[in-house]
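Novice: Sharing a structure, written as structure tokens. Questions coming.
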Amino acid sequence: MAEPTQTRQPSSSLTEPLLHLGCQSCGARLVLEPALRTTRCPYCAAPAVVERPPVAGVPEPVFALGFALTHTTAKEHVSRWLRSRSRFTRSGIRSASPGEVKGVYVPAYLYSVLAQARYRASIGENYQETETYTATENGKTVTRTRTVTRTEWRPLEGELSGYVADVLVTASKGLQNAELEALEPFDLRAMARYTPALISGWMAEEPSLTLAECQALARKEAVDRVGVKLTRFMPGDSYRGLEHQARLEWEALDVCLLPVWVLAVKYAEDAPPLRVLVNGQTGAVHGKAPSSPWKVLVAVLGVLLVLAMGWLLTSGGG
Ligand SMILES: [Zn+2]
């Protein structure tokens, strides 16, 4: 199989109509050149990929981040990850072939907003106090003093405005937001205006989540970030009961494409596929290996046995 590279001539693809495929298992909506036709979904490995008519009204990408990691390097990252996880994993996973890793331009929304937060909290100020106490020394009751730290609490409320930029949320049904977060950060300075030539030779996905779903994810992430900012902003020695509500204004939401290498392995009929993801820009790897219940049990029993032996030996020898 030819390795996709960014140097591929875009001229050939621009004249050919693109192929629209849909995964009937996870809902991913792929767009690719006919030469890249696939029968298995790159996200979930389901053999349920069928041709579909183009969907009207799907937003075009505005920005795209190019692949910096080659197929060879992505394969090495995946192999290393699989080796490091093989101890407790189901044996089927060891048959996974890292060379099957596929480059996909994953759709995401790039979101920024002006957030105006109202907050309230209790702020703790510490102070020192000398207190007297009684103790018994040599059978006599004596009075002594000691310094103790106490906290005085006072209510605080106010407003904090700030610009929240560069929030990335998935627009893909195939790749969950938590998985995208695990691959972040992407270096967004390398983001370029989208042109079809940029993704020529690669598989891409159209946004398969609705704008409303993505907007809800993005708003939540922005409000959470305001919360984190507020915790750093709190005065005093400590705080408790911090609550905030943010009003969001001047929202900007653009579709962008992110480079991700995906290896999906269907190792058992009754289980979701194992998925190893590699950030196509930084090489960060994320995956979750399904554990084999028996191997974990045997390992746990082994540890318990060692502990029990140690306890027997020390208590027997004492
Ligand atoms: Zn799928």
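Residues in the structure tokens are named by chain (A, B, ... in the order shown) and by number from 1 within that chain; ligands are numbered from 1 in the order shown.
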Show me a table, sorted first by chain and then by increasing residue number, of the residues of chain A having an atom at most 8 Å from ligand 1, each with its shortest atom pair and the distance in Å to one decimal, counting only C-alpha atoms and all ligand atoms and written as CSV.
Specialist:
```
residue,atom,partner,partner_atom_place_in_ligand_line,distance
A:Gly22,CA,ligand 1,1 (Zn),7.9
A:Cys23,CA,ligand 1,1 (Zn),4.6
A:Gln24,CA,ligand 1,1 (Zn),6.7
A:Ser25,CA,ligand 1,1 (Zn),5.0
A:Cys26,CA,ligand 1,1 (Zn),4.0
A:Gly27,CA,ligand 1,1 (Zn),6.0
A:Ala28,CA,ligand 1,1 (Zn),5.6
A:Arg40,CA,ligand 1,1 (Zn),7.7
A:Cys41,CA,ligand 1,1 (Zn),4.5
A:Pro42,CA,ligand 1,1 (Zn),6.6
A:Tyr43,CA,ligand 1,1 (Zn),5.1
A:Cys44,CA,ligand 1,1 (Zn),4.2
A:Ala45,CA,ligand 1,1 (Zn),6.2
A:Ala46,CA,ligand 1,1 (Zn),5.6
A:Ala48,CA,ligand 1,1 (Zn),7.4
A:Val49,CA,ligand 1,1 (Zn),7.3
A:Gly174,CA,ligand 1,1 (Zn),6.0
```
Novice: Stretch 144-307 of chain A: which residues are helix (DSSP H, G or I) by DSSP, as a PyMOL selection string?
Specialist: chain A and resi 177-183+188-190+196-199+211-233+293-307
Novice: Would you put the residues from that selection into a file with C-alpha atoms, as a PDB file, in the first residue's frame?
Specialist:
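Final output, saved to part-v9.pdb:
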```
ATOM      1  CA  ASN A 177     -14.520  14.495  22.826  1.00  0.00           C
ATOM      2  CA  ALA A 178     -12.716  12.837  25.742  1.00  0.00           C
ATOM      3  CA  GLU A 179     -10.469  11.058  23.233  1.00  0.00           C
ATOM      4  CA  LEU A 180      -9.721  14.289  21.424  1.00  0.00           C
ATOM      5  CA  GLU A 181      -8.881  15.912  24.742  1.00  0.00           C
ATOM      6  CA  ALA A 182      -6.479  13.089  25.500  1.00  0.00           C
ATOM      7  CA  LEU A 183      -4.623  13.874  22.266  1.00  0.00           C
ATOM      8  CA  LEU A 188      -2.701  25.752  16.642  1.00  0.00           C
ATOM      9  CA  ARG A 189      -0.108  28.198  15.318  1.00  0.00           C
ATOM     10  CA  ALA A 190       0.349  25.734  12.450  1.00  0.00           C
ATOM     11  CA  PRO A 196      -9.177  20.728  -0.665  1.00  0.00           C
ATOM     12  CA  ALA A 197      -5.574  20.337  -1.856  1.00  0.00           C
ATOM     13  CA  LEU A 198      -4.392  20.297   1.750  1.00  0.00           C
ATOM     14  CA  ILE A 199      -6.143  17.023   2.511  1.00  0.00           C
ATOM     15  CA  LEU A 211     -23.776  22.183  15.447  1.00  0.00           C
ATOM     16  CA  ALA A 212     -25.942  22.322  18.580  1.00  0.00           C
ATOM     17  CA  GLU A 213     -24.207  19.285  20.100  1.00  0.00           C
ATOM     18  CA  CYS A 214     -20.756  20.743  19.396  1.00  0.00           C
ATOM     19  CA  GLN A 215     -21.760  24.174  20.650  1.00  0.00           C
ATOM     20  CA  ALA A 216     -22.952  22.650  23.932  1.00  0.00           C
ATOM     21  CA  LEU A 217     -19.617  20.834  24.341  1.00  0.00           C
ATOM     22  CA  ALA A 218     -17.656  23.992  23.532  1.00  0.00           C
ATOM     23  CA  ARG A 219     -19.661  26.194  25.904  1.00  0.00           C
ATOM     24  CA  LYS A 220     -19.229  23.718  28.718  1.00  0.00           C
ATOM     25  CA  GLU A 221     -15.487  23.587  28.161  1.00  0.00           C
ATOM     26  CA  ALA A 222     -15.267  27.399  28.076  1.00  0.00           C
ATOM     27  CA  VAL A 223     -17.261  27.741  31.321  1.00  0.00           C
ATOM     28  CA  ASP A 224     -15.054  25.070  32.942  1.00  0.00           C
ATOM     29  CA  ARG A 225     -11.962  27.004  31.891  1.00  0.00           C
ATOM     30  CA  VAL A 226     -13.397  30.138  33.487  1.00  0.00           C
ATOM     31  CA  GLY A 227     -13.815  28.076  36.666  1.00  0.00           C
ATOM     32  CA  VAL A 228     -10.141  27.093  36.567  1.00  0.00           C
ATOM     33  CA  LYS A 229      -9.157  30.714  35.980  1.00  0.00           C
ATOM     34  CA  LEU A 230     -11.241  31.770  38.994  1.00  0.00           C
ATOM     35  CA  THR A 231      -9.536  29.285  41.305  1.00  0.00           C
ATOM     36  CA  ARG A 232      -6.199  30.937  40.453  1.00  0.00           C
ATOM     37  CA  PHE A 233      -7.705  34.372  40.971  1.00  0.00           C
ATOM     38  CA  PRO A 293     -10.348 -10.405  33.508  1.00  0.00           C
ATOM     39  CA  TRP A 294      -8.474 -13.668  34.064  1.00  0.00           C
ATOM     40  CA  LYS A 295      -5.008 -12.192  33.727  1.00  0.00           C
ATOM     41  CA  VAL A 296      -5.865  -9.362  36.099  1.00  0.00           C
ATOM     42  CA  LEU A 297      -7.306 -11.816  38.629  1.00  0.00           C
ATOM     43  CA  VAL A 298      -4.232 -14.034  38.496  1.00  0.00           C
ATOM     44  CA  ALA A 299      -1.952 -11.005  38.964  1.00  0.00           C
ATOM     45  CA  VAL A 300      -3.972  -9.739  41.943  1.00  0.00           C
ATOM     46  CA  LEU A 301      -3.994 -13.184  43.579  1.00  0.00           C
ATOM     47  CA  GLY A 302      -0.222 -13.361  43.035  1.00  0.00           C
ATOM     48  CA  VAL A 303       0.320 -10.080  44.884  1.00  0.00           C
ATOM     49  CA  LEU A 304      -1.985 -11.160  47.725  1.00  0.00           C
ATOM     50  CA  LEU A 305      -0.073 -14.426  48.042  1.00  0.00           C
ATOM     51  CA  VAL A 306       3.266 -12.607  48.315  1.00  0.00           C
ATOM     52  CA  LEU A 307       1.808 -10.256  50.956  1.00  0.00           C
TER      53      LEU A 307
END
```
Novice: Compare A:Arg118, A:Arg247, A:Lys140, A:His71 by their minimum atom-to-atom distance to A:Trp261, counting only C-alpha atoms, and give me the closest one.
Specialist: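 For A:Trp261, the nearest of the candidates is A:His71.
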Novice: Would you list, as number ranges by chain, the residues of stretch 187-294 of chain A that end up in strand (DSSP E) under DSSP run on this structure's backbone?
Specialist: A: 192-193, 203-205, 238-265, 274-279, 285-287
Novice: Save the residues we just selected, N, CA and C atoms, as a compact mmCIF listing (two decimals), in the first residue's frame?
Specialist:
```txt
# COMPACT_ATOMS: atom_id res chain seq x y z
N ALA A 192 -3.82 26.26 9.14
CA ALA A 192 -3.84 26.98 7.86
C ALA A 192 -5.28 27.06 7.37
N ARG A 193 -5.54 27.99 6.48
CA ARG A 193 -6.84 28.06 5.81
C ARG A 193 -7.08 26.75 5.08
N MET A 203 -7.86 10.52 4.10
CA MET A 203 -9.26 10.32 4.43
C MET A 203 -9.68 11.48 5.31
N ALA A 204 -10.88 11.99 5.11
CA ALA A 204 -11.36 13.05 5.99
C ALA A 204 -12.76 12.70 6.44
N GLU A 205 -13.19 13.32 7.50
CA GLU A 205 -14.57 13.12 7.93
C GLU A 205 -15.28 14.46 7.93
N SER A 238 -7.04 30.64 51.57
CA SER A 238 -7.80 29.50 51.07
C SER A 238 -9.20 29.99 50.70
N TYR A 239 -9.96 29.14 50.03
CA TYR A 239 -11.33 29.52 49.68
C TYR A 239 -12.19 28.27 49.72
N ARG A 240 -13.49 28.47 49.83
CA ARG A 240 -14.42 27.33 49.75
C ARG A 240 -15.73 27.82 49.16
N GLY A 241 -16.50 26.86 48.66
CA GLY A 241 -17.83 27.18 48.12
C GLY A 241 -17.81 28.09 46.92
N LEU A 242 -16.78 27.94 46.07
CA LEU A 242 -16.70 28.80 44.87
C LEU A 242 -17.77 28.38 43.86
N GLU A 243 -18.61 29.34 43.49
CA GLU A 243 -19.63 29.08 42.47
C GLU A 243 -19.52 30.16 41.42
N HIS A 244 -19.80 29.79 40.18
CA HIS A 244 -19.79 30.84 39.16
C HIS A 244 -20.79 30.56 38.06
N GLN A 245 -21.23 31.63 37.45
CA GLN A 245 -22.09 31.54 36.27
C GLN A 245 -21.45 32.44 35.23
N ALA A 246 -21.37 31.95 34.00
CA ALA A 246 -20.72 32.77 32.98
C ALA A 246 -21.70 33.15 31.89
N ARG A 247 -21.65 34.40 31.50
CA ARG A 247 -22.43 34.84 30.35
C ARG A 247 -21.47 34.85 29.17
N LEU A 248 -21.87 34.20 28.09
CA LEU A 248 -20.96 34.06 26.95
C LEU A 248 -21.39 35.00 25.83
N GLU A 249 -20.46 35.78 25.35
CA GLU A 249 -20.75 36.73 24.27
C GLU A 249 -19.68 36.64 23.19
N TRP A 250 -20.01 37.08 22.02
CA TRP A 250 -19.08 37.10 20.89
C TRP A 250 -18.51 35.72 20.62
N GLU A 251 -19.41 34.75 20.48
CA GLU A 251 -18.94 33.39 20.20
C GLU A 251 -18.44 33.28 18.76
N ALA A 252 -17.35 32.57 18.58
CA ALA A 252 -16.87 32.24 17.24
C ALA A 252 -16.66 30.74 17.18
N LEU A 253 -17.18 30.11 16.15
CA LEU A 253 -17.16 28.65 16.06
C LEU A 253 -16.84 28.28 14.61
N ASP A 254 -15.67 27.70 14.39
CA ASP A 254 -15.26 27.35 13.03
C ASP A 254 -14.93 25.87 12.93
N VAL A 255 -15.34 25.25 11.83
CA VAL A 255 -14.97 23.85 11.62
C VAL A 255 -13.50 23.81 11.20
N CYS A 256 -12.76 22.91 11.84
CA CYS A 256 -11.38 22.69 11.40
C CYS A 256 -11.12 21.20 11.32
N LEU A 257 -10.09 20.83 10.61
CA LEU A 257 -9.72 19.42 10.47
C LEU A 257 -8.43 19.19 11.22
N LEU A 258 -8.40 18.11 12.00
CA LEU A 258 -7.21 17.80 12.81
C LEU A 258 -6.62 16.48 12.36
N PRO A 259 -5.29 16.40 12.29
CA PRO A 259 -4.65 15.18 11.81
C PRO A 259 -4.53 14.12 12.93
N VAL A 260 -5.15 12.99 12.73
CA VAL A 260 -5.10 11.92 13.74
C VAL A 260 -4.85 10.58 13.04
N TRP A 261 -3.88 9.84 13.56
CA TRP A 261 -3.68 8.46 13.09
C TRP A 261 -4.52 7.55 13.98
N VAL A 262 -5.27 6.66 13.36
CA VAL A 262 -6.19 5.80 14.12
C VAL A 262 -5.94 4.33 13.79
N LEU A 263 -5.80 3.53 14.83
CA LEU A 263 -5.79 2.09 14.63
C LEU A 263 -6.97 1.51 15.41
N ALA A 264 -7.90 0.91 14.69
CA ALA A 264 -9.05 0.29 15.36
C ALA A 264 -8.94 -1.21 15.15
N VAL A 265 -9.06 -1.96 16.24
CA VAL A 265 -8.95 -3.41 16.16
C VAL A 265 -10.18 -4.04 16.78
N LEU A 274 -10.74 -2.05 20.21
CA LEU A 274 -9.60 -1.37 20.82
C LEU A 274 -9.23 -0.24 19.86
N ARG A 275 -8.94 0.92 20.39
CA ARG A 275 -8.59 2.02 19.52
C ARG A 275 -7.34 2.70 20.04
N VAL A 276 -6.35 2.81 19.16
CA VAL A 276 -5.14 3.55 19.51
C VAL A 276 -5.09 4.77 18.61
N LEU A 277 -4.94 5.93 19.22
CA LEU A 277 -4.93 7.19 18.48
C LEU A 277 -3.58 7.85 18.63
N VAL A 278 -3.10 8.43 17.54
CA VAL A 278 -1.84 9.17 17.59
C VAL A 278 -2.09 10.56 17.05
N ASN A 279 -1.72 11.56 17.81
CA ASN A 279 -1.80 12.95 17.36
C ASN A 279 -0.88 13.09 16.15
N VAL A 285 0.19 9.76 22.09
CA VAL A 285 -0.58 8.53 21.86
C VAL A 285 -1.63 8.37 22.94
N HIS A 286 -2.83 7.96 22.54
CA HIS A 286 -3.87 7.66 23.51
C HIS A 286 -4.56 6.37 23.10
N GLY A 287 -4.77 5.53 24.06
CA GLY A 287 -5.51 4.31 23.78
C GLY A 287 -5.90 3.68 25.09
```
Novice: State, in Å with one decimal place, the distance from atom CA of A:Glu100 to atom CA of A:Leu65.
Specialist: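 Calculated distance between atom CA of A:Glu100 and atom CA of A:Leu65 is 22.2 Å.
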Novice: Where does stretch 191-235 of chain A meet stretch 51-60 of chain A within 10 Å, residue by residue, with the nearest atom pair and distance in Å to one decimal for each, counting only C-alpha atoms, listed by chain and rising number, as JSON lines?
Specialist:
```
{"residue": "A:Tyr194", "atom": "CA", "partner": "A:Glu60", "partner_atom": "CA", "distance": 8.8}
{"residue": "A:Thr195", "atom": "CA", "partner": "A:Glu60", "partner_atom": "CA", "distance": 9.9}
{"residue": "A:Glu206", "atom": "CA", "partner": "A:Val58", "partner_atom": "CA", "distance": 7.3}
{"residue": "A:Pro207", "atom": "CA", "partner": "A:Val58", "partner_atom": "CA", "distance": 6.9}
{"residue": "A:Ser208", "atom": "CA", "partner": "A:Val58", "partner_atom": "CA", "distance": 8.5}
{"residue": "A:Thr210", "atom": "CA", "partner": "A:Val58", "partner_atom": "CA", "distance": 9.2}
{"residue": "A:Leu211", "atom": "CA", "partner": "A:Pro59", "partner_atom": "CA", "distance": 9.1}
```
Novice: Taking N, CA and C atoms for each residue, export the selection above as a PDB file, in the first residue's frame.
Specialist:
```pdb
ATOM      1  N   TYR A 194      -8.263  26.216   5.168  1.00  0.00           N
ATOM      2  CA  TYR A 194      -8.555  24.955   4.502  1.00  0.00           C
ATOM      3  C   TYR A 194      -8.640  25.129   2.992  1.00  0.00           C
ATOM      4  N   THR A 195      -7.971  24.230   2.291  1.00  0.00           N
ATOM      5  CA  THR A 195      -8.197  24.102   0.850  1.00  0.00           C
ATOM      6  C   THR A 195      -8.290  22.601   0.581  1.00  0.00           C
ATOM      7  N   GLU A 206     -16.550  14.407   7.561  1.00  0.00           N
ATOM      8  CA  GLU A 206     -17.387  15.609   7.653  1.00  0.00           C
ATOM      9  C   GLU A 206     -17.919  15.682   9.076  1.00  0.00           C
ATOM     10  N   PRO A 207     -18.265  16.887   9.541  1.00  0.00           N
ATOM     11  CA  PRO A 207     -18.893  16.948  10.860  1.00  0.00           C
ATOM     12  C   PRO A 207     -20.112  16.023  10.883  1.00  0.00           C
ATOM     13  N   SER A 208     -20.126  15.091  11.820  1.00  0.00           N
ATOM     14  CA  SER A 208     -21.267  14.184  11.903  1.00  0.00           C
ATOM     15  C   SER A 208     -22.086  14.453  13.159  1.00  0.00           C
ATOM     16  N   THR A 210     -24.152  17.367  15.328  1.00  0.00           N
ATOM     17  CA  THR A 210     -24.839  18.597  14.941  1.00  0.00           C
ATOM     18  C   THR A 210     -24.128  19.797  15.555  1.00  0.00           C
ATOM     19  N   LEU A 211     -24.359  20.943  14.937  1.00  0.00           N
ATOM     20  CA  LEU A 211     -23.776  22.183  15.447  1.00  0.00           C
ATOM     21  C   LEU A 211     -24.187  22.397  16.905  1.00  0.00           C
TER      22      LEU A 211
END
```
Novice: Rounded to one decimal in Å, what is the spacing between atom CA of A:Arg37 and atom CA of A:Leu175?
Specialist: 19.9 Å
